[in-house]
file run34.cif (mmCIF, C-alpha atoms, pLDDT in the B column; chains and numbers go by the auth columns)
data_upload
#
loop_
_atom_site.group_PDB
_atom_site.id
_atom_site.type_symbol
_atom_site.label_atom_id
_atom_site.label_comp_id
_atom_site.label_asym_id
_atom_site.label_seq_id
_atom_site.Cartn_x
_atom_site.Cartn_y
_atom_site.Cartn_z
_atom_site.B_iso_or_equiv
_atom_site.auth_seq_id
_atom_site.auth_asym_id
ATOM 1 C CA MET A 1 101.154 51.047 151.555 61.00 1 A
ATOM 2 C CA THR A 2 102.583 52.366 148.330 86.00 2 A
ATOM 3 C CA HIS A 3 105.284 51.967 145.738 95.00 3 A
ATOM 4 C CA VAL A 4 108.519 53.947 145.967 96.00 4 A
ATOM 5 C CA ILE A 5 110.969 55.135 143.334 97.00 5 A
ATOM 6 C CA ALA A 6 114.550 54.739 144.539 96.00 6 A
ATOM 7 C CA GLN A 7 118.050 55.925 143.605 95.00 7 A
ATOM 8 C CA PRO A 8 118.399 54.305 140.154 95.00 8 A
ATOM 9 C CA CYS A 9 115.853 56.820 138.823 94.00 9 A
ATOM 10 C CA VAL A 10 117.859 59.885 139.882 96.00 10 A
ATOM 11 C CA ASP A 11 119.024 61.752 136.765 95.00 11 A
ATOM 12 C CA VAL A 12 117.397 59.095 134.531 93.00 12 A
ATOM 13 C CA LYS A 13 113.613 59.770 134.585 90.00 13 A
ATOM 14 C CA ASP A 14 112.694 57.354 131.768 92.00 14 A
ATOM 15 C CA LEU A 15 108.928 58.107 132.146 94.00 15 A
ATOM 16 C CA ALA A 16 107.780 54.630 131.025 96.00 16 A
ATOM 17 C CA CYS A 17 106.220 54.264 134.477 96.00 17 A
ATOM 18 C CA VAL A 18 104.304 57.522 134.027 96.00 18 A
ATOM 19 C CA ASP A 19 102.803 56.232 130.773 95.00 19 A
ATOM 20 C CA GLU A 20 101.825 52.936 132.442 96.00 20 A
ATOM 21 C CA CYS A 21 100.260 54.361 135.630 96.00 21 A
ATOM 22 C CA PRO A 22 96.452 54.106 135.425 96.00 22 A
ATOM 23 C CA VAL A 23 95.838 56.687 138.174 94.00 23 A
ATOM 24 C CA ASP A 24 98.378 59.391 137.188 94.00 24 A
ATOM 25 C CA CYS A 25 100.133 59.329 140.572 93.00 25 A
ATOM 26 C CA ILE A 26 103.765 59.588 139.408 95.00 26 A
ATOM 27 C CA TYR A 27 105.033 63.150 139.614 93.00 27 A
ATOM 28 C CA GLU A 28 108.147 64.536 137.993 94.00 28 A
ATOM 29 C CA GLY A 29 110.718 66.545 139.903 93.00 29 A
ATOM 30 C CA THR A 30 113.826 68.113 138.428 93.00 30 A
ATOM 31 C CA ARG A 31 116.029 65.015 138.822 95.00 31 A
ATOM 32 C CA ALA A 32 113.707 62.158 139.818 96.00 32 A
ATOM 33 C CA LEU A 33 110.158 60.829 139.769 97.00 33 A
ATOM 34 C CA TYR A 34 107.971 60.468 142.859 95.00 34 A
ATOM 35 C CA ILE A 35 104.910 58.313 143.547 95.00 35 A
ATOM 36 C CA HIS A 36 102.213 60.052 145.563 92.00 36 A
ATOM 37 C CA PRO A 37 101.568 57.781 148.570 91.00 37 A
ATOM 38 C CA ASP A 38 97.899 58.780 148.882 89.00 38 A
ATOM 39 C CA GLU A 39 97.101 58.517 145.172 91.00 39 A
ATOM 40 C CA CYS A 40 98.889 55.231 144.407 93.00 40 A
ATOM 41 C CA VAL A 41 96.506 52.250 144.303 94.00 41 A
ATOM 42 C CA ASP A 42 99.323 49.690 144.500 93.00 42 A
ATOM 43 C CA CYS A 43 98.488 48.099 141.166 95.00 43 A
ATOM 44 C CA GLY A 44 102.190 47.569 140.421 95.00 44 A
ATOM 45 C CA ALA A 45 101.862 48.430 136.729 97.00 45 A
ATOM 46 C CA CYS A 46 104.834 50.796 136.973 97.00 46 A
ATOM 47 C CA GLU A 47 107.281 48.238 138.359 96.00 47 A
ATOM 48 C CA PRO A 48 107.899 45.951 135.352 97.00 48 A
ATOM 49 C CA VAL A 49 108.265 48.801 132.833 97.00 49 A
ATOM 50 C CA CYS A 50 111.016 50.606 134.749 97.00 50 A
ATOM 51 C CA PRO A 51 114.195 50.108 132.695 96.00 51 A
ATOM 52 C CA VAL A 52 116.496 50.800 135.669 95.00 52 A
ATOM 53 C CA GLU A 53 114.521 48.741 138.226 96.00 53 A
ATOM 54 C CA ALA A 54 114.035 51.711 140.548 97.00 54 A
ATOM 55 C CA ILE A 55 110.433 51.024 141.615 97.00 55 A
ATOM 56 C CA TYR A 56 109.657 48.880 144.640 97.00 56 A
ATOM 57 C CA TYR A 57 106.670 48.042 146.759 95.00 57 A
ATOM 58 C CA GLU A 58 107.287 49.823 150.073 92.00 58 A
ATOM 59 C CA ASP A 59 107.902 46.586 152.011 94.00 59 A
ATOM 60 C CA ASP A 60 110.344 45.318 149.350 95.00 60 A
ATOM 61 C CA LEU A 61 112.514 48.442 149.183 96.00 61 A
ATOM 62 C CA PRO A 62 116.191 47.383 149.547 96.00 62 A
ATOM 63 C CA GLU A 63 117.650 48.500 152.863 96.00 63 A
ATOM 64 C CA ARG A 64 120.290 50.675 151.199 96.00 64 A
ATOM 65 C CA TRP A 65 117.498 52.781 149.719 96.00 65 A
ATOM 66 C CA ASN A 66 115.253 53.046 152.800 95.00 66 A
ATOM 67 C CA GLY A 67 115.693 56.829 152.809 96.00 67 A
ATOM 68 C CA TYR A 68 113.769 57.086 149.557 96.00 68 A
ATOM 69 C CA LEU A 69 110.527 56.149 151.304 95.00 69 A
ATOM 70 C CA SER A 70 110.583 59.234 153.528 94.00 70 A
ATOM 71 C CA ASP A 71 112.073 61.329 150.706 94.00 71 A
ATOM 72 C CA ASN A 72 109.160 60.346 148.481 92.00 72 A
ATOM 73 C CA VAL A 73 106.696 61.464 151.175 90.00 73 A
ATOM 74 C CA ALA A 74 108.687 64.679 151.734 90.00 74 A
ATOM 75 C CA PHE A 75 108.240 65.610 148.062 90.00 75 A
ATOM 76 C CA PHE A 76 104.527 66.029 148.715 87.00 76 A
ATOM 77 C CA GLU A 77 104.367 67.031 152.386 84.00 77 A
ATOM 78 C CA GLU A 78 107.277 69.468 152.843 75.00 78 A
ATOM 79 C CA ARG A 79 107.870 72.886 151.361 70.00 79 A
ATOM 80 C CA LEU A 80 110.449 72.267 148.649 66.00 80 A
ATOM 81 C CA PRO A 81 113.165 74.810 147.817 64.00 81 A
ATOM 82 C CA GLY A 82 111.847 77.370 145.364 65.00 82 A
ATOM 83 C CA GLN A 83 108.239 76.233 145.818 65.00 83 A
ATOM 84 C CA GLY A 84 105.376 77.809 147.716 66.00 84 A
ATOM 85 C CA GLU A 85 103.220 75.593 149.890 68.00 85 A
ATOM 86 C CA PRO A 86 103.734 71.811 150.030 66.00 86 A
ATOM 87 C CA LEU A 87 102.258 70.029 147.009 74.00 87 A
ATOM 88 C CA GLY A 88 99.855 67.921 149.065 67.00 88 A
ATOM 89 C CA SER A 89 97.379 65.748 147.193 70.00 89 A
ATOM 90 C CA LEU A 90 96.779 67.096 143.719 72.00 90 A
ATOM 91 C CA GLY A 91 94.640 64.352 142.228 74.00 91 A
ATOM 92 C CA GLY A 92 96.927 63.684 139.286 78.00 92 A
ATOM 93 C CA ALA A 93 100.328 64.554 137.945 86.00 93 A
ATOM 94 C CA ALA A 94 99.547 65.323 134.310 84.00 94 A
ATOM 95 C CA SER A 95 98.057 68.749 134.936 82.00 95 A
ATOM 96 C CA LEU A 96 100.995 69.821 137.136 83.00 96 A
ATOM 97 C CA GLY A 97 103.902 69.125 134.796 85.00 97 A
ATOM 98 C CA VAL A 98 107.478 69.133 136.057 89.00 98 A
ATOM 99 C CA VAL A 99 107.992 70.430 139.586 87.00 99 A
ATOM 100 C CA ALA A 100 111.146 72.559 139.555 86.00 100 A
ATOM 101 C CA ALA A 101 112.463 70.965 142.760 88.00 101 A
ATOM 102 C CA ASP A 102 113.337 67.637 144.326 92.00 102 A
ATOM 103 C CA ALA A 103 112.955 66.056 147.757 92.00 103 A
ATOM 104 C CA PRO A 104 115.919 66.552 150.131 92.00 104 A
ATOM 105 C CA LEU A 105 117.704 63.207 149.598 94.00 105 A
ATOM 106 C CA VAL A 106 117.580 63.452 145.816 94.00 106 A
ATOM 107 C CA ALA A 107 118.542 67.136 145.831 92.00 107 A
ATOM 108 C CA SER A 108 121.586 66.429 148.021 92.00 108 A
ATOM 109 C CA GLN A 109 123.129 63.920 145.614 90.00 109 A
ATOM 110 C CA PRO A 110 125.883 64.955 143.213 89.00 110 A
ATOM 111 C CA GLU A 111 124.541 65.129 139.669 83.00 111 A
ATOM 112 C CA GLY A 112 125.237 62.172 137.424 69.00 112 A
ATOM 113 C CA VAL A 113 126.795 60.042 140.181 57.00 113 A
ATOM 114 C CA ALA A 114 125.198 56.672 140.877 54.00 114 A
ATOM 115 C CA LEU A 115 125.192 55.856 144.583 49.00 115 A
#
call {"tool": "encode", "arguments": {"input": "run34.cif", "output": "structure tokens"}}
result
Amino acid sequence: MTHVIAQPCVDVKDLACVDECPVDCIYEGTRALYIHPDECVDCGACEPVCPVEAIYYEDDLPERWNGYLSDNVAFFEERLPGQGEPLGSLGGAASLGVVAADAPLVASQPEGVAL
């Protein structure tokens, strides 16, 4: 199980969750943040600091945002537009910096439009 960042984070990317994460498992895409499902230890430290309430434990993800679970996984397991090989497990986000891409669901959304 893991935590998932859903739609309210798209085009916001506050980064408070990144600062709070003790295992550096929150990666930054162009328009959203993504929690690595294999690196997350489910501590939940990221959840209460999110100013837009976008972070949910996988089982508590609201139904309207169910697609963000697979989109979050896709960010790490699929070849993203403009990227080489899939990111895979990197062992920490800090050394990677911003990934100049987003997972398919996030990338397909109009910019600046809350869904």
call {"tool": "closest_residue", "arguments": {"input": "run34.cif", "among": "A:Gln7, A:Asn72, A:Ile55, A:Pro110", "to": "Tyr34 in chain A", "atoms": "only C-alpha atoms"}}
result
A:Asn72
call {"tool": "axis_aligned_box", "arguments": {"input": "run34.cif", "around": "range 37-46 of chain A", "padding_each_side": "3 Å", "output": "lines of an AutoDock Vina configuration file"}}
result
center_x = 100.7
center_y = 53.2
center_z = 142.8
size_x = 14.3
size_y = 17.2
size_z = 18.2
call {"tool": "closest_residue", "arguments": {"input": "run34.cif", "among": "A:Pro22, A:Leu61, A:His3, A:Glu47", "to": "Ala93 in chain A", "atoms": "only C-alpha atoms"}}
result
A:Pro22
call {"tool": "residues_around", "arguments": {"input": "run34.cif", "residues": "Glu63 in chain A", "least_positions_apart": "6", "cutoff": "12 Å", "atoms": "all atoms listed in the file", "output": "list in words"}}
result
Ala6, Gln7, Tyr56 and Leu69 of chain A
call {"tool": "write_last_selection", "arguments": {"input": "run34.cif", "atoms": "C-alpha atoms", "output": "CSV table (one decimal), keeping the file's coordinate frame"}}
result
chain,number,residue,atom,x,y,z
A,6,ALA,CA,114.6,54.7,144.5
A,7,GLN,CA,118.0,55.9,143.6
A,56,TYR,CA,109.7,48.9,144.6
A,69,LEU,CA,110.5,56.1,151.3
call {"tool": "residues_near_point", "arguments": {"input": "run34.cif", "point": "(117.7, 61.8, 148.6)", "cutoff": "12 Å", "atoms": "all atoms listed in the file", "output": "ChimeraX atom specification"}}
result
/A:5-11,31-34,64-75,102-111,114-115
call {"tool": "closest_residue", "arguments": {"input": "run34.cif", "among": "A:Val4, A:His36, A:Val49, A:Asp42", "to": "Ala16 in chain A", "atoms": "only C-alpha atoms"}}
result
A:Val49
call {"tool": "closest_residue", "arguments": {"input": "run34.cif", "among": "A:Val12, A:Ser89, A:Pro37, A:Glu20", "to": "Val52 in chain A", "atoms": "all atoms listed in the file"}}
result
A:Val12
call {"tool": "closest_residue", "arguments": {"input": "run34.cif", "among": "A:Asp60, A:Glu53, A:Asp38, A:Glu77", "to": "Lys13 in chain A", "atoms": "all atoms listed in the file"}}
result
A:Glu53
call {"tool": "atom_distance", "arguments": {"input": "run34.cif", "atom1": "CA of Gly97 in chain A", "atom2": "CA of Val18 in chain A"}}
result
11.6 Å
call {"tool": "atom_distance", "arguments": {"input": "run34.cif", "atom1": "CA of Tyr57 in chain A", "atom2": "CA of Thr2 in chain A"}}
result
6.2 Å
call {"tool": "atom_distance", "arguments": {"input": "run34.cif", "atom1": "CA of Ala101 in chain A", "atom2": "CA of Gly44 in chain A"}}
result
25.7 Å
call {"tool": "residues_around", "arguments": {"input": "run34.cif", "residues": "Gly92 in chain A", "least_positions_apart": "4", "cutoff": "8 Å", "atoms": "all atoms listed in the file", "output": "list in words"}}
result
Val23, Asp24, Cys25, Ile26, Glu39 and Leu96 of chain A
call {"tool": "closest_residue", "arguments": {"input": "run34.cif", "among": "A:Ala100, A:Leu87, A:Val41, A:Ala54", "to": "Cys21 in chain A", "atoms": "all atoms listed in the file"}}
result
A:Val41
